[in-house]
$ cat data31.tsv   # TSV, C-alpha atoms
chain	number	residue	atom	x	y	z
C	1	MET	CA	0.00	0.00	0.00
C	2	SER	CA	1.36	3.44	-0.91
C	3	ASN	CA	2.04	6.34	1.45
C	4	TRP	CA	-1.10	8.09	0.23
C	5	LYS	CA	-1.23	10.84	2.88
C	6	GLU	CA	1.70	12.58	1.17
C	7	ILE	CA	-0.22	13.00	-2.10
C	8	ILE	CA	-3.37	14.69	-0.77
C	9	LEU	CA	-4.08	18.23	-1.94
C	10	LYS	CA	-6.98	20.62	-1.56
C	11	PRO	CA	-9.16	21.60	-4.53
C	12	ASP	CA	-7.85	25.19	-4.54
C	13	ASP	CA	-4.19	24.14	-4.70
C	14	SER	CA	-2.45	24.94	-7.98
C	15	ILE	CA	-1.32	22.83	-10.92
C	16	GLU	CA	2.24	23.91	-10.10
C	17	CYS	CA	1.91	22.48	-6.60
C	18	ALA	CA	0.51	19.23	-8.00
C	19	ILE	CA	3.40	18.87	-10.47
C	20	GLN	CA	5.94	19.23	-7.66
C	21	ILE	CA	4.32	16.36	-5.76
C	22	LEU	CA	3.83	14.15	-8.84
C	23	GLU	CA	7.50	14.43	-9.78
C	24	LYS	CA	8.60	13.20	-6.34
C	25	SER	CA	6.03	10.46	-5.75
C	26	LYS	CA	5.90	6.93	-7.09
C	27	GLU	CA	2.09	7.01	-7.01
C	28	LYS	CA	1.81	9.41	-10.00
C	29	VAL	CA	-1.61	10.62	-8.85
C	30	ILE	CA	-2.93	13.39	-6.59
C	31	LEU	CA	-5.83	12.69	-4.25
C	32	VAL	CA	-7.99	15.81	-3.97
C	33	ALA	CA	-9.82	15.81	-0.64
C	34	ASP	CA	-11.64	18.02	1.85
C	35	GLU	CA	-10.54	18.78	5.40
C	36	GLU	CA	-11.79	15.39	6.63
C	37	GLU	CA	-9.93	13.51	3.87
C	38	ARG	CA	-13.10	12.73	1.93
C	39	LEU	CA	-12.22	12.21	-1.71
C	40	ILE	CA	-13.38	14.95	-4.09
C	41	GLY	CA	-11.42	13.90	-7.18
C	42	THR	CA	-8.09	12.71	-8.55
C	43	LEU	CA	-5.44	14.37	-10.66
C	44	THR	CA	-3.00	12.44	-12.82
C	45	ASP	CA	-0.15	13.30	-15.10
C	46	GLY	CA	-2.53	12.89	-18.03
C	47	ASP	CA	-4.99	15.42	-16.57
C	48	ILE	CA	-2.20	17.97	-16.27
C	49	ARG	CA	-0.97	17.40	-19.80
C	50	ARG	CA	-4.51	17.88	-21.14
C	51	ALA	CA	-4.68	21.14	-19.18
C	52	LEU	CA	-1.39	22.26	-20.74
C	53	ILE	CA	-2.74	21.52	-24.21
C	54	GLN	CA	-5.65	23.83	-23.33
C	55	HIS	CA	-3.03	26.43	-22.28
C	56	LYS	CA	-4.05	26.48	-18.62
C	57	ASP	CA	-1.41	28.28	-16.56
C	58	MET	CA	0.46	26.88	-13.57
C	59	GLY	CA	-1.65	28.86	-11.11
C	60	THR	CA	-4.90	27.17	-12.20
C	61	HIS	CA	-6.75	25.49	-9.30
C	62	ILE	CA	-6.66	21.72	-9.61
C	63	ASN	CA	-10.43	21.41	-9.15
C	64	GLU	CA	-10.74	22.91	-12.64
C	65	VAL	CA	-8.80	20.08	-14.29
C	66	MET	CA	-9.15	17.08	-11.97
C	67	CYS	CA	-11.27	13.99	-12.59
C	68	LYS	CA	-14.37	14.57	-10.48
C	69	GLU	CA	-15.73	11.02	-10.76
C	70	PRO	CA	-12.72	8.70	-10.43
C	71	VAL	CA	-13.06	4.93	-10.22
C	72	VAL	CA	-12.82	3.88	-6.57
C	73	VAL	CA	-13.19	0.69	-4.54
C	74	SER	CA	-14.35	-0.05	-1.02
C	75	GLU	CA	-12.19	-1.46	1.74
C	76	LYS	CA	-13.99	-4.81	1.33
C	77	GLU	CA	-12.54	-5.57	-2.12
C	78	ASP	CA	-9.66	-8.05	-2.37
C	79	LYS	CA	-6.57	-7.40	-4.51
C	80	LYS	CA	-7.66	-9.80	-7.25
C	81	THR	CA	-10.91	-7.88	-7.69
C	82	ILE	CA	-9.11	-4.54	-7.52
C	83	LEU	CA	-6.68	-5.65	-10.24
C	84	LYS	CA	-9.58	-6.74	-12.44
C	85	ILE	CA	-11.30	-3.36	-11.99
C	86	MET	CA	-8.08	-1.47	-12.80
C	87	LYS	CA	-7.47	-3.46	-15.97
C	88	LYS	CA	-11.07	-3.08	-17.10
C	89	ASN	CA	-10.96	0.71	-16.66
C	90	GLU	CA	-7.36	1.06	-17.92
C	91	ILE	CA	-6.22	2.95	-14.83
C	92	LEU	CA	-2.91	2.84	-12.99
C	93	GLN	CA	-4.10	3.77	-9.49
C	94	ILE	CA	-7.32	3.33	-7.54
C	95	PRO	CA	-8.33	4.96	-4.21
C	96	ILE	CA	-9.78	2.83	-1.43
C	97	LEU	CA	-12.64	4.54	0.43
C	98	ASP	CA	-14.89	3.86	3.39
C	99	SER	CA	-18.66	4.25	3.27
C	100	ASP	CA	-18.34	8.03	3.88
C	101	ARG	CA	-15.84	8.44	1.01
C	102	ARG	CA	-12.95	8.95	3.41
C	103	ILE	CA	-9.65	7.80	1.96
C	104	LEU	CA	-8.29	4.59	3.47
C	105	GLY	CA	-5.55	3.82	0.97
C	106	LEU	CA	-4.37	3.69	-2.63
C	107	GLU	CA	-3.51	0.68	-4.77
C	108	ILE	CA	-1.02	1.02	-7.65
C	109	LEU	CA	-1.13	-1.25	-10.68
C	110	ASP	CA	2.65	-1.77	-10.88
C	111	ASP	CA	2.73	-2.87	-7.24
C	112	LEU	CA	-0.04	-5.36	-7.89
C	113	LEU	CA	1.58	-6.77	-11.02
C	114	LYS	CA	5.12	-6.80	-9.58
C	115	ASP	CA	6.60	-7.20	-13.02
C	116	ASN	CA	8.27	-4.11	-14.39
C	117	ILE	CA	10.33	-5.51	-17.28
C	118	LYS	CA	9.51	-3.86	-20.60
C	119	LEU	CA	10.48	-5.52	-23.87
C	120	ASN	CA	9.89	-2.39	-25.95
C	121	PRO	CA	12.96	-1.64	-28.07
C	122	VAL	CA	14.65	1.65	-27.18
C	123	ILE	CA	16.62	3.32	-29.95
C	124	LEU	CA	19.07	6.04	-28.88
C	125	MET	CA	20.46	8.29	-31.61
C	126	ALA	CA	24.14	8.90	-30.88
C	127	GLY	CA	25.75	9.36	-34.29
C	128	GLY	CA	25.82	13.15	-34.60
C	129	PHE	CA	28.96	15.25	-34.96
C	130	GLY	CA	28.07	17.80	-32.27
C	131	LYS	CA	29.60	20.62	-34.33
C	132	ARG	CA	27.88	23.39	-32.36
C	133	LEU	CA	29.81	22.28	-29.26
C	134	LYS	CA	33.05	23.13	-31.08
C	135	GLU	CA	36.20	22.04	-29.20
C	136	LEU	CA	34.24	19.90	-26.72
C	137	THR	CA	33.49	17.31	-29.40
C	138	LYS	CA	36.83	17.42	-31.19
C	139	ASP	CA	38.08	14.31	-29.40
C	140	THR	CA	34.87	13.09	-27.76
C	141	PRO	CA	31.47	12.26	-29.30
C	142	LYS	CA	28.70	14.39	-27.82
C	143	PRO	CA	26.88	11.48	-26.08
C	144	LEU	CA	30.05	10.82	-24.05
C	145	LEU	CA	30.42	14.40	-22.80
C	146	LYS	CA	30.01	14.35	-19.04
C	147	ILE	CA	27.27	16.05	-17.10
C	148	GLY	CA	28.80	16.06	-13.66
C	149	LYS	CA	30.55	12.70	-13.40
C	150	LYS	CA	28.67	10.72	-16.07
C	151	PRO	CA	28.31	10.90	-19.85
C	152	ILE	CA	25.01	12.22	-21.18
C	153	LEU	CA	24.14	8.90	-22.82
C	154	GLU	CA	24.85	6.93	-19.65
C	155	MET	CA	22.41	9.12	-17.71
C	156	ILE	CA	19.75	8.47	-20.35
C	157	ILE	CA	20.35	4.72	-20.25
C	158	GLU	CA	20.25	4.59	-16.44
C	159	GLN	CA	16.94	6.45	-16.36
C	160	LEU	CA	15.34	4.11	-18.89
C	161	ALA	CA	16.82	0.99	-17.28
C	162	SER	CA	15.41	2.05	-13.90
C	163	SER	CA	11.96	2.11	-15.54
C	164	GLY	CA	12.34	-1.50	-16.68
C	165	PHE	CA	13.49	-1.10	-20.28
C	166	VAL	CA	16.09	-3.74	-21.19
C	167	ASN	CA	16.29	-3.89	-24.99
C	168	PHE	CA	18.51	-1.06	-26.32
C	169	PHE	CA	19.88	-0.09	-29.73
C	170	ILE	CA	22.40	2.73	-30.11
C	171	SER	CA	22.78	4.37	-33.50
C	172	THR	CA	26.40	5.46	-34.04
C	173	HIS	CA	28.55	7.18	-36.67
C	174	TYR	CA	30.95	9.86	-35.37
C	175	MET	CA	33.64	8.23	-33.17
C	176	ALA	CA	31.48	5.12	-33.01
C	177	GLU	CA	34.28	2.99	-31.57
C	178	MET	CA	34.44	5.14	-28.41
C	179	ILE	CA	30.72	4.60	-27.77
C	180	HIS	CA	31.06	0.85	-28.43
C	181	GLU	CA	33.97	0.62	-26.01
C	182	TYR	CA	32.24	2.55	-23.24
C	183	PHE	CA	28.88	0.78	-23.25
C	184	GLY	CA	29.77	-2.66	-24.62
C	185	ASP	CA	26.86	-5.08	-24.53
C	186	GLY	CA	25.12	-3.24	-21.67
C	187	ASP	CA	25.79	-5.92	-19.06
C	188	LYS	CA	27.08	-3.30	-16.61
C	189	TRP	CA	23.58	-1.79	-16.49
C	190	GLY	CA	21.69	-5.10	-16.58
C	191	ILE	CA	20.44	-4.49	-20.12
C	192	ASN	CA	21.17	-5.63	-23.67
C	193	ILE	CA	22.77	-3.15	-26.09
C	194	SER	CA	23.12	-3.64	-29.84
C	195	TYR	CA	24.48	-1.09	-32.29
C	196	LEU	CA	23.18	0.42	-35.51
C	197	ASP	CA	26.39	1.54	-37.22
C	198	GLU	CA	25.71	4.19	-39.86
C	199	GLN	CA	28.29	4.14	-42.65
C	200	LYS	CA	27.03	7.64	-43.47
C	201	PRO	CA	24.61	9.84	-41.48
C	202	LEU	CA	21.08	8.52	-41.96
C	203	GLY	CA	18.98	10.83	-39.79
C	204	THR	CA	16.63	9.94	-36.95
C	205	ALA	CA	14.23	7.91	-39.07
C	206	GLY	CA	16.68	6.62	-41.68
C	207	ALA	CA	18.74	4.81	-39.03
C	208	LEU	CA	15.69	2.71	-38.13
C	209	ALA	CA	16.16	0.81	-41.42
C	210	LEU	CA	19.19	-0.83	-39.76
C	211	LEU	CA	17.07	-2.45	-37.04
C	212	PRO	CA	16.73	-6.24	-37.14
C	213	LYS	CA	13.52	-7.49	-38.72
C	214	ASP	CA	12.61	-9.85	-35.86
C	215	LEU	CA	11.89	-7.22	-33.20
C	216	PRO	CA	9.14	-7.97	-30.67
C	217	ASN	CA	5.74	-6.62	-31.64
C	218	HIS	CA	5.83	-3.71	-29.17
C	219	PRO	CA	5.93	0.06	-29.71
C	220	LEU	CA	9.45	1.45	-30.01
C	221	ILE	CA	10.86	4.41	-28.11
C	222	VAL	CA	13.19	6.57	-30.20
C	223	MET	CA	15.19	9.27	-28.43
C	224	ASN	CA	17.99	11.64	-29.30
C	225	GLY	CA	21.15	10.80	-27.38
C	226	ASP	CA	21.88	14.38	-26.34
C	227	LEU	CA	18.84	15.03	-24.14
C	228	LEU	CA	18.58	15.30	-20.39
C	229	THR	CA	15.07	15.01	-19.06
C	230	LYS	CA	12.93	13.82	-16.17
C	231	ILE	CA	10.08	12.85	-18.51
C	232	ASN	CA	8.41	9.66	-17.30
C	233	MET	CA	8.91	7.19	-20.15
C	234	GLU	CA	6.46	4.70	-18.66
C	235	LEU	CA	3.67	7.28	-18.76
C	236	LEU	CA	4.66	8.26	-22.29
C	237	LEU	CA	4.42	4.64	-23.41
C	238	LYS	CA	1.11	4.07	-21.65
C	239	PHE	CA	-0.31	7.26	-23.17
C	240	HIS	CA	0.68	6.03	-26.64
C	241	LEU	CA	-0.97	2.66	-26.11
C	242	LYS	CA	-4.16	4.17	-24.72
C	243	GLN	CA	-4.46	6.59	-27.66
C	244	ARG	CA	-3.89	3.76	-30.16
C	245	SER	CA	-1.69	6.08	-32.17
C	246	LYS	CA	0.70	5.14	-34.94
C	247	ALA	CA	3.17	7.60	-33.47
C	248	THR	CA	3.46	9.89	-30.46
C	249	ILE	CA	5.71	12.93	-30.37
C	250	CYS	CA	6.85	14.20	-27.00
C	251	VAL	CA	6.63	18.00	-26.95
C	252	THR	CA	7.64	20.71	-24.52
C	253	LYS	CA	6.37	24.26	-24.15
C	254	HIS	CA	8.48	27.10	-25.51
C	255	ASP	CA	7.66	30.78	-24.93
C	256	ILE	CA	8.80	33.63	-27.15
C	257	GLU	CA	8.42	37.20	-25.88
C	258	VAL	CA	8.12	39.94	-28.49
C	259	PRO	CA	10.26	42.79	-27.07
C	260	PHE	CA	8.03	45.50	-28.54
C	261	GLY	CA	4.46	46.63	-28.43
C	262	VAL	CA	2.48	44.74	-31.08
C	263	ILE	CA	-0.08	46.75	-33.00
C	264	ASN	CA	-3.30	44.95	-33.92
C	265	HIS	CA	-5.00	46.78	-36.75
C	266	ASP	CA	-7.71	46.66	-39.37
C	267	ASP	CA	-6.25	48.30	-42.45
C	268	GLN	CA	-4.93	51.60	-41.02
C	269	GLU	CA	-7.10	51.68	-37.91
C	270	VAL	CA	-5.49	50.53	-34.64
C	271	ILE	CA	-7.68	48.03	-32.82
C	272	SER	CA	-5.45	47.35	-29.81
C	273	ILE	CA	-1.86	47.40	-28.60
C	274	ASP	CA	-0.28	44.39	-26.89
C	275	GLU	CA	2.80	45.45	-24.94
C	276	LYS	CA	5.56	42.84	-25.19
C	277	PRO	CA	3.23	39.84	-25.66
C	278	THR	CA	4.41	36.27	-25.08
C	279	HIS	CA	3.54	33.56	-27.56
C	280	SER	CA	3.60	29.90	-26.51
C	281	PHE	CA	4.38	26.97	-28.78
C	282	PHE	CA	4.85	23.24	-28.41
C	283	ILE	CA	8.25	22.21	-29.77
C	284	ASN	CA	9.57	18.77	-30.66
C	285	ALA	CA	11.38	17.29	-27.64
C	286	GLY	CA	13.25	14.66	-29.67
C	287	ILE	CA	11.47	11.70	-28.05
C	288	TYR	CA	9.05	9.49	-29.99
C	289	VAL	CA	6.99	6.34	-29.61
C	290	LEU	CA	6.40	4.49	-32.87
C	291	ASP	CA	4.14	1.56	-33.60
C	292	SER	CA	6.19	-1.42	-34.78
C	293	SER	CA	4.19	-1.60	-38.02
C	294	LEU	CA	5.25	1.98	-38.76
C	295	VAL	CA	8.93	1.14	-38.36
C	296	ASN	CA	8.58	-1.82	-40.70
C	297	GLU	CA	7.72	0.64	-43.47
C	298	ILE	CA	11.28	2.03	-43.36
C	299	LYS	CA	12.96	-0.50	-45.66
C	300	VAL	CA	15.34	1.55	-47.79
C	301	ILE	CA	18.58	2.66	-46.14
C	302	LYS	CA	18.69	6.38	-46.90
C	303	HIS	CA	18.85	9.65	-45.00
C	304	MET	CA	15.50	10.64	-43.48
C	305	ASP	CA	14.75	12.83	-40.49
C	306	MET	CA	11.95	11.84	-38.13
C	307	THR	CA	10.00	15.03	-38.86
C	308	GLU	CA	9.98	14.23	-42.59
C	309	PHE	CA	8.92	10.64	-41.92
C	310	LEU	CA	6.08	11.63	-39.57
C	311	GLU	CA	4.84	14.37	-41.88
C	312	ASN	CA	4.57	11.73	-44.61
C	313	GLN	CA	2.60	9.50	-42.24
C	314	ILE	CA	0.24	12.33	-41.33
C	315	ASN	CA	-0.36	13.03	-45.03
C	316	GLN	CA	-1.22	9.35	-45.48
C	317	GLY	CA	-3.82	9.52	-42.70
C	318	SER	CA	-1.89	7.94	-39.83
C	319	LYS	CA	-2.83	9.07	-36.33
C	320	VAL	CA	0.03	11.01	-34.72
C	321	ARG	CA	-0.49	12.40	-31.21
C	322	ILE	CA	1.47	14.77	-28.96
C	323	PHE	CA	2.48	14.10	-25.36
C	324	PRO	CA	3.13	17.47	-23.66
C	325	ALA	CA	5.94	17.34	-21.11
C	326	HIS	CA	6.07	19.53	-18.03
C	327	GLU	CA	9.17	17.87	-16.56
C	328	TYR	CA	12.77	19.04	-16.81
C	329	TRP	CA	14.08	18.86	-20.39
C	330	ILE	CA	17.13	20.26	-22.10
C	331	ASP	CA	18.64	19.62	-25.52
C	332	ILE	CA	22.43	19.82	-25.23
C	333	GLY	CA	23.26	21.23	-28.63
C	334	ARG	CA	25.24	24.34	-27.74
C	335	ILE	CA	27.96	25.20	-25.23
C	336	ASP	CA	25.61	27.34	-23.12
C	337	GLU	CA	23.12	24.46	-22.89
C	338	TYR	CA	25.92	22.10	-21.87
C	339	GLU	CA	26.92	24.52	-19.10
C	340	THR	CA	23.29	24.91	-18.00
C	341	ALA	CA	22.86	21.14	-17.75
C	342	ASN	CA	25.94	20.87	-15.54
C	343	ASN	CA	24.65	23.66	-13.32
C	344	ASN	CA	21.26	21.92	-12.97
C	345	ILE	CA	22.53	18.57	-11.66
C	346	GLU	CA	21.74	19.20	-7.99
C	347	LYS	CA	18.65	21.35	-8.54
C	348	TRP	CA	16.92	18.71	-10.69
C	349	ASN	CA	18.52	15.63	-9.12
C	350	LEU	CA	19.86	14.54	-12.52

$ encode --input "data31.tsv" --output "structure tokens"
Amino acid sequence: MSNWKEIILKPDDSIECAIQILEKSKEKVILVADEEERLIGTLTDGDIRRALIQHKDMGTHINEVMCKEPVVVSEKEDKKTILKIMKKNEILQIPILDSDRRILGLEILDDLLKDNIKLNPVILMAGGFGKRLKELTKDTPKPLLKIGKKPILEMIIEQLASSGFVNFFISTHYMAEMIHEYFGDGDKWGINISYLDEQKPLGTAGALALLPKDLPNHPLIVMNGDLLTKINMELLLKFHLKQRSKATICVTKHDIEVPFGVINHDDQEVISIDEKPTHSFFINAGIYVLDSSLVNEIKVIKHMDMTEFLENQINQGSKVRIFPAHEYWIDIGRIDEYETANNNIEKWNL
């Protein structure tokens, strides 16, 4: 049984407050309750991401975005019945209530299943030249640059391995032998690593043509090897499966402030003036989940970026969804970003 008292919030608490608790807790749900711990609703990572898509701000009260009629069970239900209810409703957590709706506990699907191994192939793109990092990548491939005491790619692998992923492929080109030597077959991390050696740069999607043809029939996770993030890959994968998408693109919010007053006009007549407005966009976070059938369509070994491949799929009618991330994320492409990542180690517990 989880330590549910630490994940109770009030309905007028903010989304920002909820995110702080979700990132620290294994439960990945907020229990919204009154003063007497009677359940009012629940708030999950998915609820928050839907709120972000609707451009709700971090100060929004959680009662505006929570699930007000969550699935619950009584204290009389046994674990077998609880597991059946959770599977039927496709939920990861379920509150246990007494007859007055007071919270008595919380059951978590992973704890009930007690089997966290994931056979989904994970493809990490580590073949780039890292030219924007200048002298830093002259003698070292970018994925082996250290953030604190560990290479970027090792931090990525450890995060994914801790979530139960065991089947890894690393795409290499620039200084490939150094990456091979450092990671070997993955035994050090309790995983299996194979390599996709690009004779010439193939791009994020083109490299997938080098994958073996006998992969397990599970969605694949594809991730750039120069990212540091706290994004929960398990939730990303479960979101993809629930949406029944062909592909899911992980996105993160990016704000651009116009440093001038913007004039809104109709012909020559001024309608309004927005002083230094901020525009928000979702940008590609370099993390994807692809249906295995989609990957099988990449048969010709040629250069192809993932954006080009997914745009083609969208034009053909394939369902492609976005998964908005609120967690820490940084793309280490420039020297200033590399320095920022090193400065954030303690703050973000990287």

$ closest_atom_pairs --input "data31.tsv" --of "region 18-42 of chain C" --to "region 217-231 of chain C" --cutoff "12 Å" --atoms "only C-alpha atoms" --output "Markdown table"
| residue | atom | partner | partner_atom | distance |
| --- | --- | --- | --- | --- |
| C:Leu22 | CA | C:Ile231 | CA | 11.6 |
| C:Glu23 | CA | C:Lys230 | CA | 8.4 |
| C:Lys24 | CA | C:Lys230 | CA | 10.8 |

$ closest_residue --input "data31.tsv" --among "C:Leu112, C:Ser25, C:His55, C:Gly186" --to "Leu83 (chain C)" --atoms "only C-alpha atoms"
C:Leu112

$ closest_residue --input "data31.tsv" --among "C:Leu145, C:Ile21, C:Ala207, C:Ile91" --to "Gly46 (chain C)" --atoms "all atoms listed in the file"
C:Ile91

$ closest_residue --input "data31.tsv" --among "C:Leu39, C:Ala18, C:Leu208, C:Val65" --to "Ile94 (chain C)" --atoms "only C-alpha atoms"
C:Leu39

$ closest_residue --input "data31.tsv" --among "C:Ile96, C:Ile271, C:Ala341, C:Ile62" --to "Asp78 (chain C)" --atoms "only C-alpha atoms"
C:Ile96

$ closest_residue --input "data31.tsv" --among "C:Leu236, C:Leu294, C:Ile179, C:Leu92" --to "Ile322 (chain C)" --atoms "all atoms listed in the file"
C:Leu236

$ residues_near_point --input "data31.tsv" --point "(-15.8, 12.0, -3.8)" --cutoff "8 Å" --atoms "all atoms listed in the file" --output "list of chain:residue names"
C:Ala33, C:Arg38, C:Leu39, C:Ile40, C:Gly41, C:Lys68, C:Glu69, C:Arg101

$ closest_residue --input "data31.tsv" --among "C:Lys56, C:Arg50, C:His265, C:Lys146" --to "Glu339 (chain C)" --atoms "all atoms listed in the file"
C:Lys146

$ residues_around --input "data31.tsv" --residues "Leu310 (chain C)" --least-positions-apart "2" --cutoff "10 Å" --atoms "only C-alpha atoms" --output "list in words"
Ala205, Lys246, Ala247, Thr248, Ile249, Leu290, Leu294, Asp305, Met306, Thr307, Glu308, Asn312, Gln313, Ile314, Asn315, Gln316, Ser318, Lys319 and Val320 of chain C

$ write_last_selection --input "data31.tsv" --atoms "C-alpha atoms" --output "mmCIF file, in the frame of the given file"
data_model
loop_
_atom_site.group_PDB
_atom_site.id
_atom_site.type_symbol
_atom_site.label_atom_id
_atom_site.label_comp_id
_atom_site.auth_asym_id
_atom_site.auth_seq_id
_atom_site.Cartn_x
_atom_site.Cartn_y
_atom_site.Cartn_z
ATOM 1 C CA ALA C 205 14.230 7.910 -39.070
ATOM 2 C CA LYS C 246 0.700 5.140 -34.940
ATOM 3 C CA ALA C 247 3.170 7.600 -33.470
ATOM 4 C CA THR C 248 3.460 9.890 -30.460
ATOM 5 C CA ILE C 249 5.710 12.930 -30.370
ATOM 6 C CA LEU C 290 6.400 4.490 -32.870
ATOM 7 C CA LEU C 294 5.250 1.980 -38.760
ATOM 8 C CA ASP C 305 14.750 12.830 -40.490
ATOM 9 C CA MET C 306 11.950 11.840 -38.130
ATOM 10 C CA THR C 307 10.000 15.030 -38.860
ATOM 11 C CA GLU C 308 9.980 14.230 -42.590
ATOM 12 C CA ASN C 312 4.570 11.730 -44.610
ATOM 13 C CA GLN C 313 2.600 9.500 -42.240
ATOM 14 C CA ILE C 314 0.240 12.330 -41.330
ATOM 15 C CA ASN C 315 -0.360 13.030 -45.030
ATOM 16 C CA GLN C 316 -1.220 9.350 -45.480
ATOM 17 C CA SER C 318 -1.890 7.940 -39.830
ATOM 18 C CA LYS C 319 -2.830 9.070 -36.330
ATOM 19 C CA VAL C 320 0.030 11.010 -34.720
#

$ residues_near_point --input "data31.tsv" --point "(2.4, 44.1, -29.9)" --cutoff "12 Å" --atoms "only C-alpha atoms" --output "list in words"
Glu257, Val258, Pro259, Phe260, Gly261, Val262, Ile263, Asn264, His265, Val270, Ile271, Ser272, Ile273, Asp274, Glu275, Lys276, Pro277, Thr278 and His279 of chain C

$ residues_around --input "data31.tsv" --residues "Asp139 (chain C)" --least-positions-apart "3" --cutoff "9 Å" --atoms "all atoms listed in the file" --output "JSON, numbers by chain"
{"C": [135, 136, 175]}

$ atom_distance --input "data31.tsv" --atom1 "CA of Ile298 (chain C)" --atom2 "CA of Met233 (chain C)"
23.9 Å

$ residues_around --input "data31.tsv" --residues "Ser163 (chain C)" --least-positions-apart "4" --cutoff "10 Å" --atoms "only C-alpha atoms" --output "NGL selection string"
:C and (116-118 or 157-159 or 232-234)

$ atom_distance --input "data31.tsv" --atom1 "CA of Val300 (chain C)" --atom2 "CA of Ala176 (chain C)"
22.2 Å
